[in-house]
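**Q** Just one file: final.cif, with mmCIF, C-alpha atoms and all ligand atoms; chains and numbers go by the auth columns.
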data_structure
loop_
_atom_site.group_PDB
_atom_site.id
_atom_site.type_symbol
_atom_site.label_atom_id
_atom_site.label_comp_id
_atom_site.label_asym_id
_atom_site.label_seq_id
_atom_site.Cartn_x
_atom_site.Cartn_y
_atom_site.Cartn_z
_atom_site.B_iso_or_equiv
_atom_site.auth_seq_id
_atom_site.auth_asym_id
ATOM 1 C CA MET A 1 0.000 0.000 0.000 0.00 80 A
ATOM 2 C CA SER A 2 1.463 3.399 -0.975 0.00 81 A
ATOM 3 C CA THR A 3 2.016 6.069 1.674 0.00 82 A
ATOM 4 C CA PRO A 4 -0.494 8.928 1.331 0.00 83 A
ATOM 5 C CA GLU A 5 1.088 12.181 0.188 0.00 84 A
ATOM 6 C CA ALA A 6 1.347 14.955 2.780 0.00 85 A
ATOM 7 C CA PRO A 7 -1.271 17.655 2.096 0.00 86 A
ATOM 8 C CA PRO A 8 0.159 20.889 0.673 0.00 87 A
ATOM 9 C CA ARG A 9 1.143 23.354 3.404 0.00 88 A
ATOM 10 C CA GLU A 10 -1.459 26.059 3.992 0.00 89 A
ATOM 11 C CA LEU A 11 0.524 29.262 3.549 0.00 90 A
ATOM 12 C CA THR A 12 -0.014 32.149 5.919 0.00 91 A
ATOM 13 C CA PRO A 13 -0.844 35.077 3.607 0.00 92 A
ATOM 14 C CA VAL A 14 1.824 37.764 3.291 0.00 93 A
ATOM 15 C CA MET A 15 1.073 41.269 2.003 0.00 94 A
ATOM 16 C CA LEU A 16 3.399 42.666 -0.654 0.00 95 A
ATOM 17 C CA SER A 17 3.936 45.804 1.428 0.00 96 A
ATOM 18 C CA ALA A 18 5.227 43.627 4.296 0.00 97 A
ATOM 19 C CA LEU A 19 8.126 42.500 2.106 0.00 98 A
ATOM 20 C CA GLU A 20 9.247 46.101 1.775 0.00 99 A
ATOM 21 C CA HIS A 21 8.845 46.758 5.501 0.00 100 A
ATOM 22 C CA TYR A 22 10.748 43.597 6.430 0.00 101 A
ATOM 23 C CA ASP A 23 13.548 44.363 3.990 0.00 102 A
ATOM 24 C CA TYR A 24 13.938 47.815 5.537 0.00 103 A
ATOM 25 C CA CYS A 25 13.854 46.480 9.103 0.00 104 A
ATOM 26 C CA PRO A 26 12.404 43.153 10.315 0.00 105 A
ATOM 27 C CA ARG A 27 11.207 44.802 13.537 0.00 106 A
ATOM 28 C CA GLN A 28 9.271 47.404 11.545 0.00 107 A
ATOM 29 C CA ALA A 29 7.381 44.588 9.796 0.00 108 A
ATOM 30 C CA GLY A 30 6.788 42.906 13.163 0.00 109 A
ATOM 31 C CA LEU A 31 5.423 46.067 14.787 0.00 110 A
ATOM 32 C CA ILE A 32 2.994 46.598 11.894 0.00 111 A
ATOM 33 C CA LEU A 33 1.906 42.981 11.533 0.00 112 A
ATOM 34 C CA LEU A 34 1.752 41.908 15.165 0.00 113 A
ATOM 35 C CA GLU A 35 0.965 45.098 17.064 0.00 114 A
ATOM 36 C CA ASP A 36 -0.852 47.168 14.442 0.00 115 A
ATOM 37 C CA GLY A 37 1.784 49.715 15.361 0.00 116 A
ATOM 38 C CA TYR A 38 2.080 51.695 12.162 0.00 117 A
ATOM 39 C CA ALA A 39 2.953 55.331 12.814 0.00 118 A
ATOM 40 C CA ASP A 40 3.026 58.213 10.352 0.00 119 A
ATOM 41 C CA ASP A 41 5.550 60.984 9.878 0.00 120 A
ATOM 42 C CA ALA A 42 5.841 63.639 7.153 0.00 121 A
ATOM 43 C CA ALA A 43 7.413 61.185 4.689 0.00 122 A
ATOM 44 C CA THR A 44 4.761 58.488 5.172 0.00 123 A
ATOM 45 C CA VAL A 45 1.938 61.055 4.903 0.00 124 A
ATOM 46 C CA ARG A 46 3.448 62.220 1.584 0.00 125 A
ATOM 47 C CA GLY A 47 3.517 58.590 0.442 0.00 126 A
ATOM 48 C CA THR A 48 -0.082 57.995 1.527 0.00 127 A
ATOM 49 C CA LEU A 49 -1.306 61.090 -0.347 0.00 128 A
ATOM 50 C CA LEU A 50 0.555 59.938 -3.452 0.00 129 A
ATOM 51 C CA HIS A 51 -0.967 56.471 -3.203 0.00 130 A
ATOM 52 C CA HIS A 52 -4.462 57.925 -2.807 0.00 131 A
ATOM 53 C CA ARG A 53 -3.977 59.391 -6.266 0.00 132 A
ATOM 54 C CA VAL A 54 -2.633 56.260 -7.935 0.00 133 A
ATOM 55 C CA HIS A 55 -4.892 53.917 -5.951 0.00 134 A
ATOM 56 C CA GLU A 56 -8.021 55.248 -7.669 0.00 135 A
ATOM 57 C CA PRO A 57 -9.005 52.054 -9.527 0.00 136 A
ATOM 58 C CA GLY A 58 -9.370 52.496 -13.262 0.00 137 A
ATOM 59 C CA GLU A 59 -7.676 52.234 -16.605 0.00 138 A
ATOM 60 C CA ASP A 60 -6.765 54.399 -19.544 0.00 139 A
ATOM 61 C CA ASN A 61 -5.500 53.786 -23.020 0.00 140 A
ATOM 62 C CA ARG A 62 -2.812 55.648 -24.892 0.00 141 A
ATOM 63 C CA PRO A 63 -1.556 54.581 -28.293 0.00 142 A
ATOM 64 C CA GLY A 64 0.319 51.337 -27.688 0.00 143 A
ATOM 65 C CA VAL A 65 -0.176 51.202 -23.882 0.00 144 A
ATOM 66 C CA ARG A 66 -3.090 50.176 -21.690 0.00 145 A
ATOM 67 C CA THR A 67 -2.637 51.383 -18.103 0.00 146 A
ATOM 68 C CA LEU A 68 -4.404 49.709 -15.171 0.00 147 A
ATOM 69 C CA ARG A 69 -4.399 51.377 -11.766 0.00 148 A
ATOM 70 C CA ALA A 70 -4.852 49.844 -8.310 0.00 149 A
ATOM 71 C CA LEU A 71 -4.880 46.298 -9.642 0.00 150 A
ATOM 72 C CA PRO A 72 -5.268 43.587 -6.950 0.00 151 A
ATOM 73 C CA VAL A 73 -2.782 40.755 -7.444 0.00 152 A
ATOM 74 C CA TRP A 74 -1.783 37.541 -5.691 0.00 153 A
ATOM 75 C CA HIS A 75 0.546 34.573 -6.022 0.00 154 A
ATOM 76 C CA HIS A 76 -0.939 31.284 -4.827 0.00 155 A
ATOM 77 C CA GLY A 77 2.389 29.462 -4.816 0.00 156 A
ATOM 78 C CA LEU A 78 4.085 32.029 -2.605 0.00 157 A
ATOM 79 C CA GLY A 79 1.040 33.060 -0.555 0.00 158 A
ATOM 80 C CA LEU A 80 1.476 36.718 -1.525 0.00 159 A
ATOM 81 C CA SER A 81 -1.200 39.312 -2.170 0.00 160 A
ATOM 82 C CA GLY A 82 -1.472 43.054 -2.555 0.00 161 A
ATOM 83 C CA VAL A 83 -2.272 45.851 -4.950 0.00 162 A
ATOM 84 C CA CYS A 84 -0.163 47.122 -7.858 0.00 163 A
ATOM 85 C CA ASP A 85 -0.159 50.923 -8.129 0.00 164 A
ATOM 86 C CA VAL A 86 0.031 50.804 -11.924 0.00 165 A
ATOM 87 C CA VAL A 87 0.374 48.022 -14.478 0.00 166 A
ATOM 88 C CA GLU A 88 1.197 48.920 -18.082 0.00 167 A
ATOM 89 C CA ILE A 89 0.321 46.490 -20.842 0.00 168 A
ATOM 90 C CA HIS A 90 2.207 47.415 -24.000 0.00 169 A
ATOM 91 C CA ALA A 91 1.197 46.630 -27.568 0.00 170 A
ATOM 92 C CA ASP A 92 4.027 44.090 -27.941 0.00 171 A
ATOM 93 C CA GLY A 93 2.653 42.145 -24.945 0.00 172 A
ATOM 94 C CA THR A 94 5.142 43.504 -22.395 0.00 173 A
ATOM 95 C CA VAL A 95 3.615 43.746 -18.913 0.00 174 A
ATOM 96 C CA LEU A 96 5.282 46.329 -16.674 0.00 175 A
ATOM 97 C CA PRO A 97 4.371 46.907 -13.017 0.00 176 A
ATOM 98 C CA VAL A 98 5.100 50.502 -11.921 0.00 177 A
ATOM 99 C CA GLU A 99 5.386 51.200 -8.190 0.00 178 A
ATOM 100 C CA HIS A 100 5.082 54.869 -7.146 0.00 179 A
ATOM 101 C CA LYS A 101 7.287 56.162 -4.341 0.00 180 A
ATOM 102 C CA SER A 102 7.317 59.642 -2.845 0.00 181 A
ATOM 103 C CA GLY A 103 10.955 59.412 -1.703 0.00 182 A
ATOM 104 C CA SER A 104 14.154 59.124 -3.675 0.00 183 A
ATOM 105 C CA TYR A 105 15.020 55.814 -5.279 0.00 184 A
ATOM 106 C CA LYS A 106 17.722 53.585 -3.762 0.00 185 A
ATOM 107 C CA PRO A 107 19.033 50.917 -6.149 0.00 186 A
ATOM 108 C CA GLY A 108 18.723 47.442 -4.651 0.00 187 A
ATOM 109 C CA GLY A 109 16.549 48.722 -1.792 0.00 188 A
ATOM 110 C CA PRO A 110 13.245 47.468 -0.388 0.00 189 A
ATOM 111 C CA ALA A 111 11.186 49.008 -3.225 0.00 190 A
ATOM 112 C CA ASP A 112 12.944 46.720 -5.748 0.00 191 A
ATOM 113 C CA LEU A 113 11.765 43.746 -3.751 0.00 192 A
ATOM 114 C CA GLN A 114 8.178 44.982 -3.616 0.00 193 A
ATOM 115 C CA VAL A 115 7.895 45.651 -7.345 0.00 194 A
ATOM 116 C CA ALA A 116 9.631 42.351 -8.215 0.00 195 A
ATOM 117 C CA ALA A 117 7.052 40.548 -6.064 0.00 196 A
ATOM 118 C CA GLN A 118 4.311 42.371 -7.986 0.00 197 A
ATOM 119 C CA ALA A 119 5.897 41.141 -11.233 0.00 198 A
ATOM 120 C CA MET A 120 5.887 37.556 -9.929 0.00 199 A
ATOM 121 C CA CYS A 121 2.202 37.852 -8.952 0.00 200 A
ATOM 122 C CA LEU A 122 1.339 39.227 -12.382 0.00 201 A
ATOM 123 C CA GLU A 123 3.257 36.406 -14.065 0.00 202 A
ATOM 124 C CA GLU A 124 1.136 33.832 -12.266 0.00 203 A
ATOM 125 C CA ARG A 125 -2.102 35.705 -12.881 0.00 204 A
ATOM 126 C CA LEU A 126 -1.512 36.602 -16.542 0.00 205 A
ATOM 127 C CA ARG A 127 0.569 33.517 -17.406 0.00 206 A
ATOM 128 C CA THR A 128 3.358 35.579 -18.854 0.00 207 A
ATOM 129 C CA THR A 129 7.019 36.306 -18.186 0.00 208 A
ATOM 130 C CA ILE A 130 8.049 39.681 -16.791 0.00 209 A
ATOM 131 C CA THR A 131 11.710 40.642 -16.926 0.00 210 A
ATOM 132 C CA SER A 132 11.500 44.314 -15.906 0.00 211 A
ATOM 133 C CA ALA A 133 9.587 46.537 -13.521 0.00 212 A
ATOM 134 C CA VAL A 134 9.635 50.246 -12.728 0.00 213 A
ATOM 135 C CA ILE A 135 9.912 52.384 -9.603 0.00 214 A
ATOM 136 C CA TYR A 136 8.591 55.881 -10.252 0.00 215 A
ATOM 137 C CA SER A 137 10.131 58.309 -7.764 0.00 216 A
ATOM 138 C CA SER A 138 8.271 61.580 -7.190 0.00 217 A
ATOM 139 C CA ALA A 139 11.459 63.009 -5.669 0.00 218 A
ATOM 140 C CA ASP A 140 13.326 63.045 -8.983 0.00 219 A
ATOM 141 C CA ARG A 141 10.275 62.445 -11.240 0.00 220 A
ATOM 142 C CA ARG A 142 12.043 59.591 -12.952 0.00 221 A
ATOM 143 C CA ARG A 143 11.196 56.037 -13.858 0.00 222 A
ATOM 144 C CA HIS A 144 13.860 53.657 -12.548 0.00 223 A
ATOM 145 C CA ILE A 145 13.968 50.356 -14.424 0.00 224 A
ATOM 146 C CA ILE A 146 14.504 47.221 -12.325 0.00 225 A
ATOM 147 C CA THR A 147 15.635 43.913 -13.799 0.00 226 A
ATOM 148 C CA VAL A 148 13.552 41.103 -12.327 0.00 227 A
ATOM 149 C CA ASP A 149 16.316 38.498 -12.360 0.00 228 A
ATOM 150 C CA GLY A 150 16.926 35.241 -10.517 0.00 229 A
ATOM 151 C CA ASP A 151 18.629 36.891 -7.557 0.00 230 A
ATOM 152 C CA LEU A 152 15.771 39.328 -6.982 0.00 231 A
ATOM 153 C CA ARG A 153 13.208 36.530 -7.292 0.00 232 A
ATOM 154 C CA ALA A 154 15.129 34.464 -4.735 0.00 233 A
ATOM 155 C CA ARG A 155 15.154 37.497 -2.420 0.00 234 A
ATOM 156 C CA VAL A 156 11.356 37.795 -2.774 0.00 235 A
ATOM 157 C CA ARG A 157 10.837 34.112 -1.887 0.00 236 A
ATOM 158 C CA GLU A 158 13.230 34.268 1.047 0.00 237 A
ATOM 159 C CA THR A 159 11.741 37.494 2.434 0.00 238 A
ATOM 160 C CA ALA A 160 8.201 36.099 2.132 0.00 239 A
ATOM 161 C CA GLU A 161 9.296 33.152 4.296 0.00 240 A
ATOM 162 C CA HIS A 162 10.924 35.491 6.832 0.00 241 A
ATOM 163 C CA VAL A 163 7.758 37.616 7.076 0.00 242 A
ATOM 164 C CA ARG A 164 5.671 34.460 7.498 0.00 243 A
ATOM 165 C CA ALA A 165 7.964 33.360 10.320 0.00 244 A
ATOM 166 C CA VAL A 166 7.452 36.723 12.069 0.00 245 A
ATOM 167 C CA ILE A 167 3.658 36.323 11.813 0.00 246 A
ATOM 168 C CA GLU A 168 3.680 32.699 12.947 0.00 247 A
ATOM 169 C CA GLN A 169 6.137 33.093 15.815 0.00 248 A
ATOM 170 C CA THR A 170 4.383 36.226 17.159 0.00 249 A
ATOM 171 C CA ALA A 171 7.680 37.477 18.645 0.00 250 A
ATOM 172 C CA LEU A 172 8.959 40.887 17.626 0.00 251 A
ATOM 173 C CA PRO A 173 12.341 40.869 15.866 0.00 252 A
ATOM 174 C CA ALA A 174 15.185 42.661 17.644 0.00 253 A
ATOM 175 C CA PRO A 175 15.598 46.398 16.983 0.00 254 A
ATOM 176 C CA ALA A 176 18.023 47.530 14.300 0.00 255 A
ATOM 177 C CA ALA A 177 19.228 50.479 16.420 0.00 256 A
ATOM 178 C CA ASP A 178 21.315 51.914 13.584 0.00 257 A
ATOM 179 C CA GLN A 179 21.042 54.717 11.023 0.00 258 A
ATOM 180 C CA ARG A 180 17.773 53.231 9.682 0.00 259 A
ATOM 181 C CA CYS A 181 15.993 54.301 12.870 0.00 260 A
ATOM 182 C CA ARG A 182 16.605 57.983 12.149 0.00 261 A
ATOM 183 C CA ARG A 183 14.383 57.795 9.064 0.00 262 A
ATOM 184 C CA CYS A 184 11.820 55.400 10.556 0.00 263 A
ATOM 185 C CA SER A 185 8.368 56.761 11.425 0.00 264 A
ATOM 186 C CA MET A 186 8.053 54.157 14.196 0.00 265 A
ATOM 187 C CA ASN A 187 11.063 55.310 16.170 0.00 266 A
ATOM 188 C CA ILE A 188 9.012 56.566 19.142 0.00 267 A
ATOM 189 C CA THR A 189 6.940 53.418 19.692 0.00 268 A
ATOM 190 C CA CYS A 190 9.840 51.098 18.881 0.00 269 A
ATOM 191 C CA MET A 191 12.383 52.638 21.300 0.00 270 A
ATOM 192 C CA PRO A 192 15.306 50.955 19.490 0.00 271 A
ATOM 193 C CA LYS A 193 18.123 52.534 21.489 0.00 272 A
ATOM 194 C CA VAL A 194 16.644 51.624 24.859 0.00 273 A
ATOM 195 C CA LEU A 195 15.941 48.035 23.818 0.00 274 A
ATOM 196 C CA ALA A 196 19.311 47.519 22.149 0.00 275 A
ATOM 197 C CA ASN A 197 21.142 48.719 25.256 0.00 276 A
ATOM 198 C CA HIS A 198 20.554 45.537 27.264 0.00 277 A
ATOM 199 C CA LYS A 199 22.057 46.893 30.482 0.00 278 A
ATOM 200 C CA LYS A 200 19.986 50.067 30.479 0.00 279 A
ATOM 201 C CA PHE A 201 16.865 48.131 29.497 0.00 280 A
ATOM 202 C CA ALA A 202 17.368 45.636 32.353 0.00 281 A
ATOM 203 C CA THR A 203 17.793 48.525 34.813 0.00 282 A
ATOM 204 C CA LEU A 204 14.652 50.299 33.577 0.00 283 A
ATOM 205 C CA ARG A 205 12.620 47.090 33.594 0.00 284 A
ATOM 206 C CA GLY A 206 13.838 46.261 37.095 0.00 285 A
ATOM 207 C CA ALA A 207 12.801 49.703 38.311 0.00 286 A
ATOM 208 C CA LEU A 208 9.413 49.390 36.627 0.00 287 A
ATOM 209 C CA PHE A 209 8.457 46.204 38.466 0.00 288 A
ATOM 210 C CA SER A 210 10.104 46.964 41.823 0.00 289 A
ATOM 211 C CA PRO A 211 7.770 47.985 44.632 0.00 290 A
ATOM 212 C CA ALA A 212 8.027 51.700 45.353 0.00 291 A
ATOM 213 C CA PRO A 213 10.025 52.519 48.485 0.00 292 A
ATOM 214 C CA GLU A 214 7.793 52.845 51.516 0.00 293 A
ATOM 215 C CA THR A 215 6.792 56.372 52.418 0.00 294 A
ATOM 216 C CA ASP A 216 7.200 57.412 55.994 0.00 295 A
ATOM 217 C CA TRP A 217 3.936 59.322 56.598 0.00 296 A
ATOM 218 C CA ASP A 218 5.090 60.492 60.044 0.00 297 A
ATOM 219 C CA ASP A 219 7.713 62.828 58.534 0.00 298 A
HETATM 220 S S1 LIG B . 12.941 52.455 14.865 0.00 1 B
HETATM 221 FE FE1 LIG B . 14.682 51.261 14.043 0.00 1 B
HETATM 222 S S2 LIG B . 14.494 49.221 14.958 0.00 1 B
HETATM 223 FE FE2 LIG B . 12.539 50.281 15.237 0.00 1 B
HETATM 224 S S3 LIG B . 11.303 49.644 13.528 0.00 1 B
HETATM 225 FE FE3 LIG B . 12.282 51.541 12.922 0.00 1 B
HETATM 226 S S4 LIG B . 14.200 50.957 11.888 0.00 1 B
HETATM 227 FE FE4 LIG B . 13.449 49.179 13.003 0.00 1 B
#
Is it possible to express this structure as C-alpha cells?
Ligand code: SF4

**A**
Amino acid sequence: MSTPEAPPRELTPVMLSALEHYDYCPRQAGLILLEDGYADDAATVRGTLLHHRVHEPGEDNRPGVRTLRALPVWHHGLGLSGVCDVVEIHADGTVLPVEHKSGSYKPGGPADLQVAAQAMCLEERLRTTITSAVIYSSADRRRHIITVDGDLRARVRETAEHVRAVIEQTALPAPAADQRCRRCSMNITCMPKVLANHKKFATLRGALFSPAPETDWDD
C-alpha cells in the first residue's frame, strides 16, 4: 500500500507591502503585523497622499499602452497578495508593473523587492514572463527600471518566508538600532536605542516592576 502524500502546506498570507517593511527592518514589519503599530511621519503622509492618487481604480488607453491602476494581485504558490499601483500592458505584450514612491530611489533597496514581487504575482495571474519593472520616484520624477532576475526573485521568496515566520512566531524581531531608525516613522513606539542597550533596558525594567520605596507618613 502506498504512503499517502502529505497535504500541501497552507501558507499564511503575506502582504506585498510587508516584504518592503521587512527588507527595511524586520522589527518594523513585526510592529505593523503583530501590534498594528504603524505610525506616520511627514514622509509616510506624503507617500499615503501619493498612493491615494494612484490607488483610484481604473484604466486608460494611450496609443500602444493600456494602463491599469490599483490592480489587486496575488501569487498562490508564494502566498502573496497586494495591490499594484500601476500596471502597463504594452502593444508588444510587455507587462510592466510601476510602483510609485514619494521618496528618492535607492538601487537594490526594499522598493525593488516589492515591485519584483508584484511582477511575480502578475506572471502567475496573466501567465506571462516579466523581466522588468519600474519604480517611479516623485522626488526626482524619474522612472527607474529594475531587472527582475533570478537573484531578486530568490530574495522575494526568502523574504516572504521570513515575514511568514514573524507572523507565525508572534515574537517581535530585535531592533536595528542603527542609522535606519533615524528615518523610521516608528522610532518613538519602537524605542530601538533603549531596547538595544541591554544593560539600560534591564535597569529600567527592574525599576518598573520593583515595589516603590515605603513612604514614611510620620515625617
Ligand atoms: S525604529 Fe529602528 S528598529 Fe525600530 S522599527 Fe524603525 S528601523 Fe526598526

**Q** Near region 199-206 of chain A, within 8 Å and counting all atoms listed in the file, which residues show up once chain neighbours fewer than 5 positions away are dropped, as a PyMOL selection string?

**A** chain A and resi 152-154+159-160+232

**Q** Find the residues with any atom within 12 Å of (-0.7, 27.1, 10.0); use only C-alpha atoms and the coordinates as given in the file, and write the answer as a list in words.

**A** Pro87, Arg88, Glu89, Leu90, Thr91, Pro92, Arg243, Ala244, Ile246, Glu247 and Gln248 of chain A

**Q** Name the residues in contact with region 108-114 of chain A at a cut-off of 10 Å, using only C-alpha atoms, excluding same-chain residues fewer than 5 positions from it; report them as a PyMOL selection string.

**A** chain A and resi 93-94+96-103+242+245-253+265+268-269

**Q** Between A:Arg125, A:Arg106, A:Lys185, A:Arg220, which one has atoms that come closest to ligand LIG 1 (chain B), using all atoms listed in the file?

**A**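 Ranking A:Arg125, A:Arg106, A:Lys185, A:Arg220 by distance to ligand LIG 1 (chain B), first place goes to A:Arg106.
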
**Q** Taking all atoms of ligand LIG 1 (chain B) that the file lists, what box with edges along x, y and z, padded by 5 Å per side, do you get, with centre and edge lengths in Å to one decimal, as lines of an AutoDock Vina configuration file?

**A**
center_x = 13.0
center_y = 50.8
center_z = 13.6
size_x = 13.4
size_y = 13.3
size_z = 13.3

**Q** Apply the PyMOL selection byres (((not hetatm)) within 6 of (chain B and resi 1)) to the displayed file and report the matching residues as a list of chain:residue names.

**A** A:Cys104, A:Arg106, A:Gln107, A:Pro254, A:Ala255, A:Ala256, A:Arg259, A:Cys260, A:Cys263, A:Met265, A:Asn266, A:Cys269, A:Pro271

**Q** When you look at Pro186 (chain A) with a cut-off of 10 Å (counting all atoms listed in the file), what residues show up, excluding the ones that are within fewer than 4 positions of it in the same chain? I need them as a list in words.

**A**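 The contact residues come out as Ala190, Asp191, Ile214, His223, Ile224 and Ile225 of chain A.
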
**Q** Let's have the selection written as a PDB file, in the coordinates of the input, with C-alpha atoms.

**A**
ATOM      1  CA  ALA A 190      11.186  49.008  -3.225  1.00  0.00           C
ATOM      2  CA  ASP A 191      12.944  46.720  -5.748  1.00  0.00           C
ATOM      3  CA  ILE A 214       9.912  52.384  -9.603  1.00  0.00           C
ATOM      4  CA  HIS A 223      13.860  53.657 -12.548  1.00  0.00           C
ATOM      5  CA  ILE A 224      13.968  50.356 -14.424  1.00  0.00           C
ATOM      6  CA  ILE A 225      14.504  47.221 -12.325  1.00  0.00           C
TER       7      ILE A 225
END

**Q** Using all atoms listed in the file, find the one residue out of A:Ile168, A:Ala196, A:Val124, A:Val162 that sits nearest to Ala239 (chain A).

**A**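 When distances to Ala239 (chain A) are compared using all atoms listed in the file, the smallest one comes from A:Ala196.
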
**Q** One decimal, in Å: what's the spacing between CA of Ala233 (chain A) and CA of Tyr184 (chain A)?

**A**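 For CA of Ala233 (chain A) relative to CA of Tyr184 (chain A), the distance reads 21.4 Å.
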
**Q** Nearest to Glu237 (chain A) among A:Gly126, A:Pro151, A:Arg145, A:Leu157, with distances taken over all atoms listed in the file: which residue is it?

**A**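 Nearest to Glu237 (chain A): A:Leu157.
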
**Q** Between CA of Glu240 (chain A) and CA of Lys180 (chain A), what is the spacing in Å?

**A**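 One can read the CA of Lys180 (chain A) to CA of Glu240 (chain A) distance as 24.7 Å.
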
**Q** Measuring between all atoms listed in the file, which one of A:Ile267, A:Ala121, A:Leu95, A:Ala281 shows the shortest distance to Gly182 (chain A)?

**A**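 Closest to Gly182 (chain A), using all atoms listed in the file: A:Ala121.
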
**Q** Once the PyMOL selection byres (((chain A and resi 170) around 10) and not hetatm) is applied to the coordinates I shared, what remains selected? I want it as a compact mmCIF listing (two decimals) with C-alpha atoms, in the coordinates of the input.

**A**
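See expr_12.txt below for the written result:
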# COMPACT_ATOMS: atom_id res chain seq x y z
CA PRO A 142 -1.56 54.58 -28.29
CA GLY A 143 0.32 51.34 -27.69
CA VAL A 144 -0.18 51.20 -23.88
CA ARG A 145 -3.09 50.18 -21.69
CA GLU A 167 1.20 48.92 -18.08
CA ILE A 168 0.32 46.49 -20.84
CA HIS A 169 2.21 47.42 -24.00
CA ASP A 171 4.03 44.09 -27.94
CA GLY A 172 2.65 42.14 -24.94
CA THR A 173 5.14 43.50 -22.40
CA VAL A 174 3.62 43.75 -18.91

**Q** CA of Ser211 (chain A) to CA of Glu138 (chain A): how many Å, to one decimal?

**A**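 A separation of 20.8 Å between them.
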
**Q** So which one's closest to His179 (chain A), A:Leu150, A:Thr208, A:Leu192, A:Ser216? Using only C-alpha atoms, please.

**A**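 Closest to His179 (chain A), using only C-alpha atoms: A:Ser216.
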
**Q** Quick one: of A:Gly156, A:His277, A:Thr123, A:Glu178, who's nearest to Arg221 (chain A), counting only C-alpha atoms?

**A**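 Using only C-alpha atoms, Arg221 (chain A) sits closest to A:Glu178.
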
**Q** For region 175-193 of chain A, which lacks atoms in the input, supply N, CA and C atoms and format the output as a tab-separated table (two decimals), in the coordinates of the input.

**A**
chain	number	residue	atom	x	y	z
A	175	LEU	N	4.32	45.58	-17.48
A	175	LEU	CA	5.28	46.33	-16.67
A	175	LEU	C	4.60	46.88	-15.42
A	176	PRO	N	4.89	46.29	-14.24
A	176	PRO	CA	4.37	46.91	-13.02
A	176	PRO	C	5.16	48.17	-12.70
A	177	VAL	N	4.45	49.22	-12.26
A	177	VAL	CA	5.10	50.50	-11.92
A	177	VAL	C	4.70	50.87	-10.50
A	178	GLU	N	5.66	50.86	-9.58
A	178	GLU	CA	5.39	51.20	-8.19
A	178	GLU	C	5.75	52.67	-7.98
A	179	HIS	N	4.83	53.44	-7.38
A	179	HIS	CA	5.08	54.87	-7.15
A	179	HIS	C	5.62	55.08	-5.74
A	180	LYS	N	6.70	55.84	-5.64
A	180	LYS	CA	7.29	56.16	-4.34
A	180	LYS	C	7.46	57.67	-4.22
A	181	SER	N	7.18	58.20	-3.03
A	181	SER	CA	7.32	59.64	-2.84
A	181	SER	C	8.78	60.03	-2.58
A	182	GLY	N	9.56	59.12	-2.04
A	182	GLY	CA	10.96	59.41	-1.70
A	182	GLY	C	11.89	59.15	-2.87
A	183	SER	N	13.18	59.37	-2.61
A	183	SER	CA	14.15	59.12	-3.68
A	183	SER	C	14.40	57.61	-3.81
A	184	TYR	N	14.82	57.24	-4.98
A	184	TYR	CA	15.02	55.81	-5.28
A	184	TYR	C	16.40	55.34	-4.82
A	185	LYS	N	16.44	54.18	-4.16
A	185	LYS	CA	17.72	53.58	-3.76
A	185	LYS	C	17.87	52.25	-4.46
A	186	PRO	N	18.86	52.18	-5.40
A	186	PRO	CA	19.03	50.92	-6.15
A	186	PRO	C	19.26	49.74	-5.20
A	187	GLY	N	18.56	48.65	-5.47
A	187	GLY	CA	18.72	47.44	-4.65
A	187	GLY	C	17.99	47.50	-3.32
A	188	GLY	N	17.23	48.55	-3.08
A	188	GLY	CA	16.55	48.72	-1.79
A	188	GLY	C	15.23	47.96	-1.72
A	189	PRO	N	14.49	48.20	-0.62
A	189	PRO	CA	13.24	47.47	-0.39
A	189	PRO	C	12.19	47.63	-1.50
A	190	ALA	N	12.19	48.80	-2.17
A	190	ALA	CA	11.19	49.01	-3.22
A	190	ALA	C	11.40	48.04	-4.39
A	191	ASP	N	12.66	47.70	-4.68
A	191	ASP	CA	12.94	46.72	-5.75
A	191	ASP	C	12.25	45.39	-5.45
A	192	LEU	N	12.34	45.02	-4.18
A	192	LEU	CA	11.76	43.75	-3.75
A	192	LEU	C	10.24	43.75	-3.94
A	193	GLN	N	9.63	44.86	-3.54
A	193	GLN	CA	8.18	44.98	-3.62
A	193	GLN	C	7.70	44.90	-5.07
